[in-house]
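Novice: I'm passing along input28.cif; it holds mmCIF, C-alpha atoms (C1' of nucleotides).
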```cif
data_start
#
loop_
_atom_site.label_atom_id
_atom_site.label_comp_id
_atom_site.auth_asym_id
_atom_site.auth_seq_id
_atom_site.Cartn_x
_atom_site.Cartn_y
_atom_site.Cartn_z
CA MET W 1 62.39 160.74 26.15
CA GLU W 2 63.14 164.30 25.32
CA LEU W 3 61.43 164.24 21.96
CA LYS W 4 58.30 162.83 23.51
CA ALA W 5 58.06 165.77 25.89
CA LEU W 6 58.73 168.27 23.15
CA VAL W 7 56.08 166.78 20.91
CA LEU W 8 53.61 167.05 23.76
CA ALA W 9 54.54 170.68 24.29
CA VAL W 10 54.27 171.52 20.61
CA LEU W 11 50.86 169.89 20.34
CA GLU W 12 49.62 171.71 23.41
CA ALA W 13 49.44 174.93 21.42
CA ARG W 14 47.20 173.43 18.76
CA PRO W 15 46.59 170.20 16.89
CA MET W 16 49.10 169.56 14.15
CA HIS W 17 49.95 166.89 11.62
CA GLY W 18 53.26 165.07 11.55
CA TYR W 19 54.83 166.76 8.58
CA GLU W 20 54.10 170.15 10.05
CA ILE W 21 55.88 169.23 13.28
CA VAL W 22 58.92 168.11 11.33
CA ARG W 23 58.93 171.19 9.14
CA ARG W 24 58.55 173.60 12.04
CA ALA W 25 61.41 171.98 13.92
CA ARG W 26 63.52 172.09 10.78
CA ASP W 27 62.76 175.77 10.18
CA ARG W 28 63.49 176.60 13.77
CA GLY W 29 66.97 175.18 13.41
CA HIS W 30 68.75 173.94 16.53
CA LEU W 31 66.66 170.78 16.60
CA ARG W 32 66.47 168.38 13.73
CA TRP W 33 63.72 165.84 14.01
CA GLU W 34 63.66 163.50 11.08
CA GLU W 35 60.49 162.03 9.71
CA GLY W 36 61.78 158.60 10.53
CA THR W 37 61.85 159.68 14.17
CA VAL W 38 58.65 161.67 14.38
CA TYR W 39 56.15 159.44 12.62
CA PRO W 40 56.88 156.28 14.62
CA LEU W 41 56.93 158.36 17.80
CA LEU W 42 53.51 159.82 17.02
CA HIS W 43 52.14 156.35 16.38
CA LYS W 44 53.57 155.10 19.62
CA MET W 45 52.24 158.00 21.64
CA ASP W 46 48.87 157.62 19.96
CA HIS W 47 48.85 153.97 20.89
CA GLU W 48 49.84 154.81 24.45
CA GLY W 49 46.90 157.15 24.74
CA LEU W 50 48.89 160.35 25.07
CA LEU W 51 47.59 161.69 21.77
CA ARG W 52 44.43 161.48 19.77
CA SER W 53 44.61 161.33 15.99
CA GLU W 54 42.05 162.34 13.43
CA TRP W 55 42.03 162.38 9.64
CA LYS W 56 40.88 165.74 8.35
CA LYS W 57 41.01 167.62 5.13
CA GLY W 58 43.67 170.27 5.29
CA PRO W 59 43.52 173.66 3.54
CA THR W 60 44.49 172.05 0.23
CA GLY W 61 41.70 169.54 0.44
CA LYS W 62 44.10 166.70 0.96
CA ALA W 63 43.62 164.37 3.91
CA ARG W 64 45.98 164.94 6.79
CA LYS W 65 46.35 163.18 10.08
CA TYR W 66 46.00 165.69 12.89
CA TYR W 67 47.26 164.87 16.36
CA SER W 68 46.10 166.53 19.55
CA LEU W 69 46.73 166.05 23.27
CA SER W 70 44.56 163.70 25.23
CA ARG W 71 43.91 164.17 28.91
CA ARG W 72 46.67 161.68 29.68
CA GLY W 73 48.90 163.62 27.33
CA ARG W 74 48.36 166.81 29.32
CA THR W 75 49.22 165.03 32.53
CA ALA W 76 52.33 163.54 30.93
CA LEU W 77 53.34 166.99 29.75
CA GLU W 78 53.13 168.40 33.24
CA ARG W 79 55.26 165.57 34.56
CA ALA W 80 57.73 166.01 31.72
CA ARG W 81 58.05 169.69 32.58
CA ALA W 82 58.86 168.89 36.18
CA ASP W 83 61.32 166.18 35.15
CA TRP W 84 63.06 168.50 32.74
CA ARG W 85 63.41 171.23 35.35
CA GLU W 86 65.05 168.82 37.76
CA TYR W 87 67.23 167.22 35.14
CA ALA W 88 68.37 170.55 33.71
CA ALA W 89 69.20 171.80 37.19
CA VAL W 90 71.36 168.77 37.99
CA VAL W 91 73.18 168.77 34.67
CA SER W 92 73.72 172.52 34.85
CA GLU W 93 75.13 172.22 38.32
CA ILE W 94 77.61 169.53 37.33
CA LEU W 95 78.47 170.91 33.92
CA LEU W 96 78.42 174.63 34.60
CA GLY W 97 79.30 174.44 38.26
CA GLY W 98 76.82 177.06 39.38
CA ARG W 99 79.11 179.92 38.44
CA HIS W 100 78.88 179.73 34.66
CA GLY W 101 75.35 181.05 34.47
CA HIS W 102 72.20 179.01 34.47
CA ALA W 103 69.97 177.31 31.99
CA ARG W 104 66.46 178.57 31.93
CA GLY W 105 63.89 176.72 33.88
CA SER W 106 66.15 175.58 36.63
CA ALA W 107 64.56 176.02 39.97
CA PRO W 108 66.33 175.39 43.28
CA MET F 1 76.24 162.31 24.77
CA GLU F 2 75.30 163.83 28.04
CA LEU F 3 77.30 161.45 30.16
CA LYS F 4 80.43 162.20 28.22
CA ALA F 5 80.12 165.88 29.01
CA LEU F 6 79.37 165.21 32.66
CA VAL F 7 82.37 162.92 33.01
CA LEU F 8 84.56 165.62 31.53
CA ALA F 9 83.18 168.14 34.00
CA VAL F 10 83.65 165.82 36.97
CA LEU F 11 87.24 165.09 35.99
CA GLU F 12 88.01 168.76 35.55
CA ALA F 13 87.97 169.20 39.31
CA ARG F 14 90.62 166.54 39.89
CA PRO F 15 91.78 163.19 38.53
CA MET F 16 89.63 160.34 39.64
CA HIS F 17 89.30 156.61 39.13
CA GLY F 18 86.24 154.98 37.65
CA TYR F 19 84.79 153.51 40.77
CA GLU F 20 84.99 156.85 42.50
CA ILE F 21 83.05 158.53 39.71
CA VAL F 22 80.33 155.92 39.97
CA ARG F 23 80.17 156.12 43.74
CA ARG F 24 80.03 159.90 43.80
CA ALA F 25 77.21 159.97 41.28
CA ARG F 26 75.39 157.32 43.27
CA ASP F 27 75.76 159.25 46.50
CA ARG F 28 74.63 162.42 44.84
CA GLY F 29 71.37 160.81 43.87
CA HIS F 30 69.47 162.20 40.88
CA LEU F 31 71.86 160.56 38.47
CA ARG F 32 72.58 156.88 38.42
CA TRP F 33 75.60 155.95 36.40
CA GLU F 34 76.19 152.25 36.43
CA GLU F 35 79.61 150.70 36.22
CA GLY F 36 78.60 149.03 33.00
CA THR F 37 78.10 152.49 31.56
CA VAL F 38 81.03 154.34 33.07
CA TYR F 39 83.91 151.96 32.50
CA PRO F 40 83.33 151.47 28.77
CA LEU F 41 82.79 155.20 28.39
CA LEU F 42 86.08 155.98 30.12
CA HIS F 43 87.86 153.52 27.86
CA LYS F 44 86.31 155.08 24.81
CA MET F 45 87.13 158.62 25.85
CA ASP F 46 90.67 157.55 26.71
CA HIS F 47 91.00 156.02 23.28
CA GLU F 48 89.63 159.18 21.69
CA GLY F 49 92.25 161.25 23.43
CA LEU F 50 89.86 163.18 25.66
CA LEU F 51 91.29 161.63 28.79
CA ARG F 52 94.63 160.40 29.99
CA SER F 53 94.81 157.35 32.21
CA GLU F 54 97.47 156.34 34.65
CA TRP F 55 97.85 153.43 37.04
CA LYS F 56 98.75 154.66 40.48
CA LYS F 57 98.74 153.29 43.96
CA GLY F 58 95.80 154.66 45.87
CA PRO F 59 95.78 155.45 49.58
CA THR F 60 95.32 151.74 50.40
CA GLY F 61 98.31 150.73 48.33
CA LYS F 62 96.16 149.07 45.75
CA ALA F 63 96.61 150.00 42.11
CA ARG F 64 93.91 152.25 40.72
CA LYS F 65 93.44 153.66 37.28
CA TYR F 66 93.23 157.41 37.49
CA TYR F 67 91.74 159.42 34.66
CA SER F 68 92.43 163.07 34.01
CA LEU F 69 91.51 165.57 31.30
CA SER F 70 93.78 165.94 28.32
CA ARG F 71 94.07 169.17 26.41
CA ARG F 72 91.55 167.87 23.91
CA GLY F 73 89.33 166.95 26.80
CA ARG F 74 89.36 170.50 28.08
CA THR F 75 88.45 171.81 24.66
CA ALA F 76 85.67 169.24 24.38
CA LEU F 77 84.38 170.29 27.77
CA GLU F 78 84.15 173.92 26.73
CA ARG F 79 82.27 172.94 23.60
CA ALA F 80 80.00 170.66 25.61
CA ARG F 81 79.20 173.53 27.95
CA ALA F 82 78.25 175.77 25.06
CA ASP F 83 76.19 173.00 23.46
CA TRP F 84 74.37 172.31 26.67
CA ARG F 85 73.55 175.96 27.20
CA GLU F 86 72.07 176.21 23.75
CA TYR F 87 70.26 172.90 23.98
CA ALA F 88 68.83 173.67 27.40
CA ALA F 89 67.65 177.07 26.22
CA VAL F 90 65.86 175.61 23.20
CA VAL F 91 64.25 172.78 25.12
CA SER F 92 63.21 175.12 27.91
CA GLU F 93 61.68 177.50 25.45
CA ILE F 94 59.63 174.80 23.77
CA LEU F 95 58.77 172.89 26.89
CA LEU F 96 58.28 175.69 29.38
CA GLY F 97 57.15 178.30 26.91
CA GLY F 98 59.55 181.15 27.51
CA ARG F 99 58.27 181.74 30.97
CA HIS F 100 56.16 179.06 32.45
CA GLY F 101 52.67 180.19 32.80
CA HIS F 102 50.11 179.83 30.13
CA ALA F 103 51.98 181.88 27.60
CA ARG F 104 50.05 181.07 24.51
CA GLY F 105 49.31 182.95 21.35
CA SER F 106 52.70 183.16 19.69
CA ALA F 107 51.59 182.16 16.23
CA PRO F 108 53.73 179.72 14.18
"C1'" DC X 1 51.61 164.77 -19.08
"C1'" DT X 2 55.62 165.53 -16.18
"C1'" DC X 3 57.82 167.30 -12.33
"C1'" DC X 4 58.01 168.86 -7.69
"C1'" DA X 5 56.50 169.66 -3.05
"C1'" DT X 6 53.63 167.86 0.28
"C1'" DA X 7 52.45 164.20 3.39
"C1'" DC X 8 52.53 159.81 4.98
"C1'" DC X 9 55.03 155.54 6.12
"C1'" DT X 10 58.61 151.56 7.29
"C1'" DA X 11 62.92 148.63 7.68
"C1'" DG X 12 67.40 148.52 9.14
"C1'" DA X 13 71.47 150.46 11.22
"C1'" DT X 14 73.55 152.86 14.97
"C1'" DC X 15 74.50 154.80 19.25
"C1'" DT X 16 73.94 155.19 24.17
"C1'" DC X 17 73.25 153.16 28.26
"C1'" DA X 18 71.69 149.60 31.78
"C1'" DC X 19 71.64 144.93 33.37
"C1'" DA X 20 73.90 141.23 34.95
"C1'" DG X 21 77.23 139.08 35.36
"C1'" DG X 22 82.71 137.94 36.28
"C1'" DT X 23 87.73 138.60 38.30
"C1'" DA X 24 91.04 139.96 41.73
"C1'" DA X 25 93.02 142.28 45.80
"C1'" DT X 26 92.50 143.92 50.43
"C1'" DA X 27 90.70 144.12 55.19
"C1'" DG X 28 88.32 142.33 58.94
"C1'" DT X 29 86.84 138.35 61.62
"C1'" DA X 30 87.28 134.06 63.74
"C1'" DT U 1 94.14 129.35 57.88
"C1'" DA U 2 89.48 130.12 55.98
"C1'" DC U 3 85.46 133.08 55.39
"C1'" DT U 4 83.24 137.20 54.07
"C1'" DA U 5 82.59 141.98 52.60
"C1'" DT U 6 84.22 145.80 50.16
"C1'" DT U 7 86.77 147.95 46.75
"C1'" DA U 8 87.96 148.24 42.03
"C1'" DC U 9 88.19 146.77 37.64
"C1'" DC U 10 86.10 144.72 33.46
"C1'" DT U 11 82.81 142.71 29.52
"C1'" DG U 12 78.80 140.71 26.81
"C1'" DT U 13 74.17 141.11 25.80
"C1'" DG U 14 70.39 143.64 24.85
"C1'" DA U 15 66.84 147.32 25.22
"C1'" DG U 16 65.51 151.72 23.64
"C1'" DA U 17 65.81 155.99 21.10
"C1'" DT U 18 66.97 158.13 16.97
"C1'" DC U 19 68.84 158.54 12.17
"C1'" DT U 20 69.47 156.92 7.42
"C1'" DA U 21 67.48 155.80 3.50
"C1'" DG U 22 64.50 154.41 1.29
"C1'" DG U 23 59.23 153.87 -0.41
"C1'" DT U 24 54.09 155.40 -1.74
"C1'" DA U 25 50.44 158.65 -2.98
"C1'" DT U 26 48.31 163.13 -4.01
"C1'" DG U 27 47.73 167.71 -5.79
"C1'" DG U 28 49.40 171.85 -8.15
"C1'" DA U 29 52.59 174.21 -11.50
"C1'" DG U 30 54.62 174.35 -15.86
#
```
Have the structure of the file written as structure tokens, please.
Specialist:
Amino acid sequence: MELKALVLAVLEARPMHGYEIVRRARDRGHLRWEEGTVYPLLHKMDHEGLLRSEWKKGPTGKARKYYSLSRRGRTALERARADWREYAAVVSEILLGGRHGHARGSAP
Amino acid sequence: MELKALVLAVLEARPMHGYEIVRRARDRGHLRWEEGTVYPLLHKMDHEGLLRSEWKKGPTGKARKYYSLSRRGRTALERARADWREYAAVVSEILLGGRHGHARGSAP
DNA sequence: CTCCATACCTAGATCTCACAGGTAATAGTA
DNA sequence: TACTATTACCTGTGAGATCTAGGTATGGAG
């Protein structure tokens, strides 16, 4: 649920192939998306019509499968953003009690 | 793992019995914790030493099982708060892009 | 040629949580 | 007394998401 939204957000910037998504998340730290999570998720989202996939030759000349957002994917991303804002606000209120500071993106 | 943290936070305010936790969450809206989720979770957290449980007579005279935070539970709650802050910050950054607008152009 | 990193993939296990029940005690009604 | 609703507790089954732990294939470096 969360990963799906994050993949959409990552792919909004530019098309990317699966291994690159994994590697970027790994380099970033904080989040660890394993290949066994990401690849099946990409397939599923592709099948659901949220992504489009295309085999292209990468810079090394080797074929890579690039994923990009479809129109439905963009819509889903907008909804995911709204859902996250609400969810984060509720959890922050319960967990932090309003007086421990606020997570970003929480709107009243 | 989210529910665990939220249960800790709810029980920090005052000891409560399971049904009350469920009912409060239900009244609050937004979150729907089912009994089939909450009761096993309370048992597990009790067994892990995060909670203490005690049978008491409630206002109606009927026995109720009240849960309260143990010392370990308080520690776990503090850690959960820190984890949530970090997690929410990372997700918000990826999903909402630092500040939500069309902030694009931060290269990989 | 051999080794390593890249890049893709899947099967199975695990963990969380919801669904859909069940039991028992109390209170209100008739 | 019998009935019904509400409170309060509990569990078994299973769906869904994610990780573990593998596997395959290609291209470049040594």
Novice: For atom CA of W:Ala76 and atom CA of W:Lys56, quote the distance in Å rounded to one decimal.
Specialist: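 So the two atoms, atom CA of W:Ala76 and atom CA of W:Lys56, lie 25.4 Å apart.
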Novice: Please measure the separation of atom CA of F:Lys62 and atom CA of F:Met16, giving the value in Å to one decimal.
Specialist: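 Interatomic distance, atom CA of F:Lys62 to atom CA of F:Met16: 14.4 Å.
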Novice: Could you make a table, as a Markdown table, of the residues of chain F that have an atom within 9 Å of an atom of chain U, each with its nearest atom pair and distance in Å to one decimal, counting only C-alpha atoms (C1' of nucleotides), in chain and number order?
Specialist:
```
| residue | atom | partner | partner_atom | distance |
| --- | --- | --- | --- | --- |
| F:His17 | CA | U:DA8 | C1' | 9.0 |
| F:Gly18 | CA | U:DA8 | C1' | 8.2 |
| F:Tyr19 | CA | U:DA8 | C1' | 6.3 |
| F:Gly36 | CA | U:DT11 | C1' | 8.4 |
| F:Tyr39 | CA | U:DC10 | C1' | 7.6 |
| F:Pro40 | CA | U:DC10 | C1' | 8.7 |
| F:Ala63 | CA | U:DA8 | C1' | 8.8 |
| F:Arg64 | CA | U:DA8 | C1' | 7.3 |
| F:Lys65 | CA | U:DC9 | C1' | 8.7 |
```
Novice: The selected residues should be written to file as a PDB file, keeping the file's coordinate frame (atoms: C-alpha atoms).
Specialist:
```pdb
ATOM      1  CA  HIS F  17      89.300 156.610  39.130  1.00  0.00           C
ATOM      2  CA  GLY F  18      86.240 154.980  37.650  1.00  0.00           C
ATOM      3  CA  TYR F  19      84.790 153.510  40.770  1.00  0.00           C
ATOM      4  CA  GLY F  36      78.600 149.030  33.000  1.00  0.00           C
ATOM      5  CA  TYR F  39      83.910 151.960  32.500  1.00  0.00           C
ATOM      6  CA  PRO F  40      83.330 151.470  28.770  1.00  0.00           C
ATOM      7  CA  ALA F  63      96.610 150.000  42.110  1.00  0.00           C
ATOM      8  CA  ARG F  64      93.910 152.250  40.720  1.00  0.00           C
ATOM      9  CA  LYS F  65      93.440 153.660  37.280  1.00  0.00           C
TER      10      LYS F  65
END
```
Novice: Pick from W:Lys4, W:His43, W:Glu34, W:Leu50: nearest to chain F, with only C-alpha atoms counted?
Specialist: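 Using only C-alpha atoms, chain F sits closest to W:Lys4.
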Novice: Identify every residue of chain F that has at least one atom within 10 Å of any atom of chain X, counting only C-alpha atoms (C1' of nucleotides), and report the result as a ChimeraX atom specification.
Specialist: /F:1-3,32-38,41,60-63
Novice: To one decimal place in Å, what is the distance between atom CA of W:Leu51 and atom CA of W:Ala5?
Specialist: 12.0 Å
Novice: Find the residues near F:Leu11: any atom within 8 Å, counting only C-alpha atoms (C1' of nucleotides), skip ones fewer than 4 places away on the same chain, and give them as a PyMOL selection string.
Specialist: chain F and resi 7+15-16+67-69
Novice: Give the answer as one residue: which of F:Ala82, F:Leu95, F:Leu77, F:Met45 has the shortest atom-to-atom distance to chain W, using all atoms listed in the file?
Specialist: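 Smallest separation from chain W among the options: F:Leu95.
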Novice: If you take only C-alpha atoms and a cut-off of 12 Å, which residues of chain W touch chain F, and what are their nearest atom pairs and distances in Å to one decimal, in chain and number order, as CSV?
Specialist:
```
residue,atom,partner,partner_atom,distance
W:Glu2,CA,F:Val91,CA,8.6
W:Leu3,CA,F:Val91,CA,9.5
W:Lys4,CA,F:Leu95,CA,10.6
W:Ala5,CA,F:Leu95,CA,7.2
W:Leu6,CA,F:Leu95,CA,5.9
W:Val7,CA,F:Leu95,CA,9.0
W:Leu8,CA,F:Leu95,CA,8.4
W:Ala9,CA,F:Leu95,CA,5.4
W:Val10,CA,F:Ile94,CA,7.0
W:Leu11,CA,F:Ile94,CA,10.6
W:Glu12,CA,F:Arg104,CA,9.4
W:Ala13,CA,F:Arg104,CA,6.9
W:Arg14,CA,F:Arg104,CA,10.0
W:Met16,CA,F:Pro108,CA,11.2
W:Glu20,CA,F:Pro108,CA,10.4
W:Ile21,CA,F:Pro108,CA,10.7
W:Arg23,CA,F:Pro108,CA,11.2
W:Arg24,CA,F:Pro108,CA,8.1
W:Ala25,CA,F:Ile94,CA,10.4
W:Asp27,CA,F:Pro108,CA,10.6
W:Arg28,CA,F:Val90,CA,9.8
W:Gly29,CA,F:Val90,CA,9.9
W:His30,CA,F:Val90,CA,7.5
W:Leu31,CA,F:Val90,CA,8.2
W:Arg32,CA,F:Tyr87,CA,11.8
W:Leu77,CA,F:Leu95,CA,8.5
W:Glu78,CA,F:Leu95,CA,9.6
W:Arg79,CA,F:Leu95,CA,11.2
W:Ala80,CA,F:Leu95,CA,8.5
W:Arg81,CA,F:Leu95,CA,6.6
W:Ala82,CA,F:Leu96,CA,9.6
W:Asp83,CA,F:His30,CA,10.7
W:Trp84,CA,F:Ser92,CA,8.2
W:Arg85,CA,F:Ser92,CA,8.4
W:Glu86,CA,F:His30,CA,8.5
W:Tyr87,CA,F:His30,CA,7.9
W:Ala88,CA,F:Ala88,CA,7.1
W:Ala89,CA,F:Ala88,CA,10.0
W:Val90,CA,F:His30,CA,7.4
W:Val91,CA,F:Leu6,CA,7.4
W:Ser92,CA,F:Trp84,CA,8.2
W:Glu93,CA,F:Leu6,CA,10.0
W:Ile94,CA,F:Leu6,CA,6.6
W:Leu95,CA,F:Ala9,CA,5.5
W:Leu96,CA,F:Arg81,CA,6.8
W:Gly97,CA,F:Ala9,CA,8.5
W:His100,CA,F:Arg81,CA,9.1
W:Gly101,CA,F:Arg85,CA,9.1
W:His102,CA,F:Arg85,CA,8.0
W:Ala103,CA,F:Ala88,CA,6.0
W:Arg104,CA,F:Ala89,CA,6.0
W:Gly105,CA,F:Ser92,CA,6.2
W:Ser106,CA,F:Ser92,CA,9.2
W:Ala107,CA,F:His100,CA,11.7
```
Novice: Please superimpose chain W upon chain F, fitting all C-alpha atoms matched one to one in order, and report the result as an mmCIF file with C-alpha atoms, in the frame of the given file.
Specialist:
```cif
data_model
loop_
_atom_site.group_PDB
_atom_site.id
_atom_site.type_symbol
_atom_site.label_atom_id
_atom_site.label_comp_id
_atom_site.auth_asym_id
_atom_site.auth_seq_id
_atom_site.Cartn_x
_atom_site.Cartn_y
_atom_site.Cartn_z
ATOM 1 C CA MET W 1 75.607 161.936 24.111
ATOM 2 C CA GLU W 2 74.341 163.444 27.281
ATOM 3 C CA LEU W 3 76.424 161.272 29.553
ATOM 4 C CA LYS W 4 79.547 162.166 27.645
ATOM 5 C CA ALA W 5 78.974 165.858 28.282
ATOM 6 C CA LEU W 6 78.203 165.290 31.928
ATOM 7 C CA VAL W 7 81.324 163.227 32.442
ATOM 8 C CA LEU W 8 83.348 166.021 30.894
ATOM 9 C CA ALA W 9 81.732 168.543 33.206
ATOM 10 C CA VAL W 10 82.286 166.412 36.284
ATOM 11 C CA LEU W 11 85.939 165.875 35.431
ATOM 12 C CA GLU W 12 86.460 169.569 34.829
ATOM 13 C CA ALA W 13 86.302 170.193 38.564
ATOM 14 C CA ARG W 14 89.074 167.728 39.325
ATOM 15 C CA PRO W 15 90.467 164.404 38.181
ATOM 16 C CA MET W 16 88.457 161.447 39.377
ATOM 17 C CA HIS W 17 88.404 157.690 39.008
ATOM 18 C CA GLY W 18 85.502 155.789 37.511
ATOM 19 C CA TYR W 19 84.024 154.347 40.654
ATOM 20 C CA GLU W 20 83.959 157.754 42.256
ATOM 21 C CA ILE W 21 81.997 159.188 39.333
ATOM 22 C CA VAL W 22 79.460 156.399 39.619
ATOM 23 C CA ARG W 23 79.165 156.746 43.370
ATOM 24 C CA ARG W 24 78.761 160.513 43.275
ATOM 25 C CA ALA W 25 76.030 160.277 40.662
ATOM 26 C CA ARG W 26 74.325 157.586 42.706
ATOM 27 C CA ASP W 27 74.486 159.653 45.896
ATOM 28 C CA ARG W 28 73.196 162.691 44.102
ATOM 29 C CA GLY W 29 70.092 160.796 43.087
ATOM 30 C CA HIS W 30 68.200 161.943 39.997
ATOM 31 C CA LEU W 31 70.795 160.406 37.703
ATOM 32 C CA ARG W 32 71.750 156.786 37.817
ATOM 33 C CA TRP W 33 74.854 155.937 35.884
ATOM 34 C CA GLU W 34 75.679 152.284 36.076
ATOM 35 C CA GLU W 35 79.200 150.986 36.058
ATOM 36 C CA GLY W 36 78.451 149.131 32.879
ATOM 37 C CA THR W 37 77.756 152.502 31.275
ATOM 38 C CA VAL W 38 80.503 154.593 32.800
ATOM 39 C CA TYR W 39 83.551 152.381 32.434
ATOM 40 C CA PRO W 40 83.160 151.689 28.708
ATOM 41 C CA LEU W 41 82.362 155.363 28.156
ATOM 42 C CA LEU W 42 85.536 156.427 29.952
ATOM 43 C CA HIS W 43 87.568 154.017 27.856
ATOM 44 C CA LYS W 44 86.005 155.320 24.699
ATOM 45 C CA MET W 45 86.548 158.946 25.604
ATOM 46 C CA ASP W 46 90.108 158.157 26.617
ATOM 47 C CA HIS W 47 90.665 156.514 23.273
ATOM 48 C CA GLU W 48 89.123 159.482 21.491
ATOM 49 C CA GLY W 49 91.544 161.802 23.211
ATOM 50 C CA LEU W 50 88.992 163.681 25.276
ATOM 51 C CA LEU W 51 90.419 162.365 28.533
ATOM 52 C CA ARG W 52 93.782 161.404 29.873
ATOM 53 C CA SER W 53 94.085 158.473 32.252
ATOM 54 C CA GLU W 54 96.712 157.754 34.842
ATOM 55 C CA TRP W 55 97.178 154.978 37.381
ATOM 56 C CA LYS W 56 97.859 156.411 40.810
ATOM 57 C CA LYS W 57 97.783 155.203 44.339
ATOM 58 C CA GLY W 58 94.695 156.466 46.069
ATOM 59 C CA PRO W 59 94.448 157.371 49.770
ATOM 60 C CA THR W 60 94.183 153.690 50.703
ATOM 61 C CA GLY W 61 97.329 152.817 48.840
ATOM 62 C CA LYS W 62 95.427 150.889 46.240
ATOM 63 C CA ALA W 63 95.957 151.681 42.573
ATOM 64 C CA ARG W 64 93.206 153.689 40.963
ATOM 65 C CA LYS W 65 92.763 154.922 37.450
ATOM 66 C CA TYR W 66 92.323 158.680 37.487
ATOM 67 C CA TYR W 67 90.823 160.463 34.509
ATOM 68 C CA SER W 68 91.280 164.126 33.703
ATOM 69 C CA LEU W 69 90.305 166.443 30.848
ATOM 70 C CA SER W 70 92.608 166.839 27.913
ATOM 71 C CA ARG W 71 92.719 169.998 25.866
ATOM 72 C CA ARG W 72 90.373 168.404 23.343
ATOM 73 C CA GLY W 73 88.131 167.444 26.226
ATOM 74 C CA ARG W 74 87.854 171.070 27.324
ATOM 75 C CA THR W 75 86.946 172.129 23.822
ATOM 76 C CA ALA W 76 84.365 169.348 23.595
ATOM 77 C CA LEU W 77 82.906 170.472 26.900
ATOM 78 C CA GLU W 78 82.444 174.001 25.657
ATOM 79 C CA ARG W 79 80.708 172.727 22.550
ATOM 80 C CA ALA W 80 78.557 170.395 24.623
ATOM 81 C CA ARG W 81 77.487 173.320 26.788
ATOM 82 C CA ALA W 82 76.408 175.305 23.763
ATOM 83 C CA ASP W 83 74.609 172.300 22.283
ATOM 84 C CA TRP W 84 72.786 171.640 25.517
ATOM 85 C CA ARG W 85 71.647 175.246 25.812
ATOM 86 C CA GLU W 86 70.185 175.149 22.325
ATOM 87 C CA TYR W 87 68.653 171.734 22.742
ATOM 88 C CA ALA W 88 67.119 172.570 26.116
ATOM 89 C CA ALA W 89 65.670 175.774 24.702
ATOM 90 C CA VAL W 90 64.003 173.981 21.789
ATOM 91 C CA VAL W 91 62.622 171.147 23.885
ATOM 92 C CA SER W 92 61.407 173.567 26.541
ATOM 93 C CA GLU W 93 59.668 175.652 23.943
ATOM 94 C CA ILE W 94 57.842 172.685 22.450
ATOM 95 C CA LEU W 95 57.164 170.866 25.691
ATOM 96 C CA LEU W 96 56.471 173.759 28.025
ATOM 97 C CA GLY W 97 55.207 176.165 25.413
ATOM 98 C CA GLY W 98 57.030 179.183 26.768
ATOM 99 C CA ARG W 99 54.398 179.843 29.403
ATOM 100 C CA HIS W 100 55.108 176.971 31.774
ATOM 101 C CA GLY W 101 58.345 178.405 33.081
ATOM 102 C CA HIS W 102 61.784 177.752 31.729
ATOM 103 C CA ALA W 103 64.561 175.290 32.221
ATOM 104 C CA ARG W 104 67.773 176.779 33.396
ATOM 105 C CA GLY W 105 70.379 177.570 30.864
ATOM 106 C CA SER W 106 68.045 178.409 28.067
ATOM 107 C CA ALA W 107 69.120 181.492 26.274
ATOM 108 C CA PRO W 108 67.107 183.173 23.515
#
```
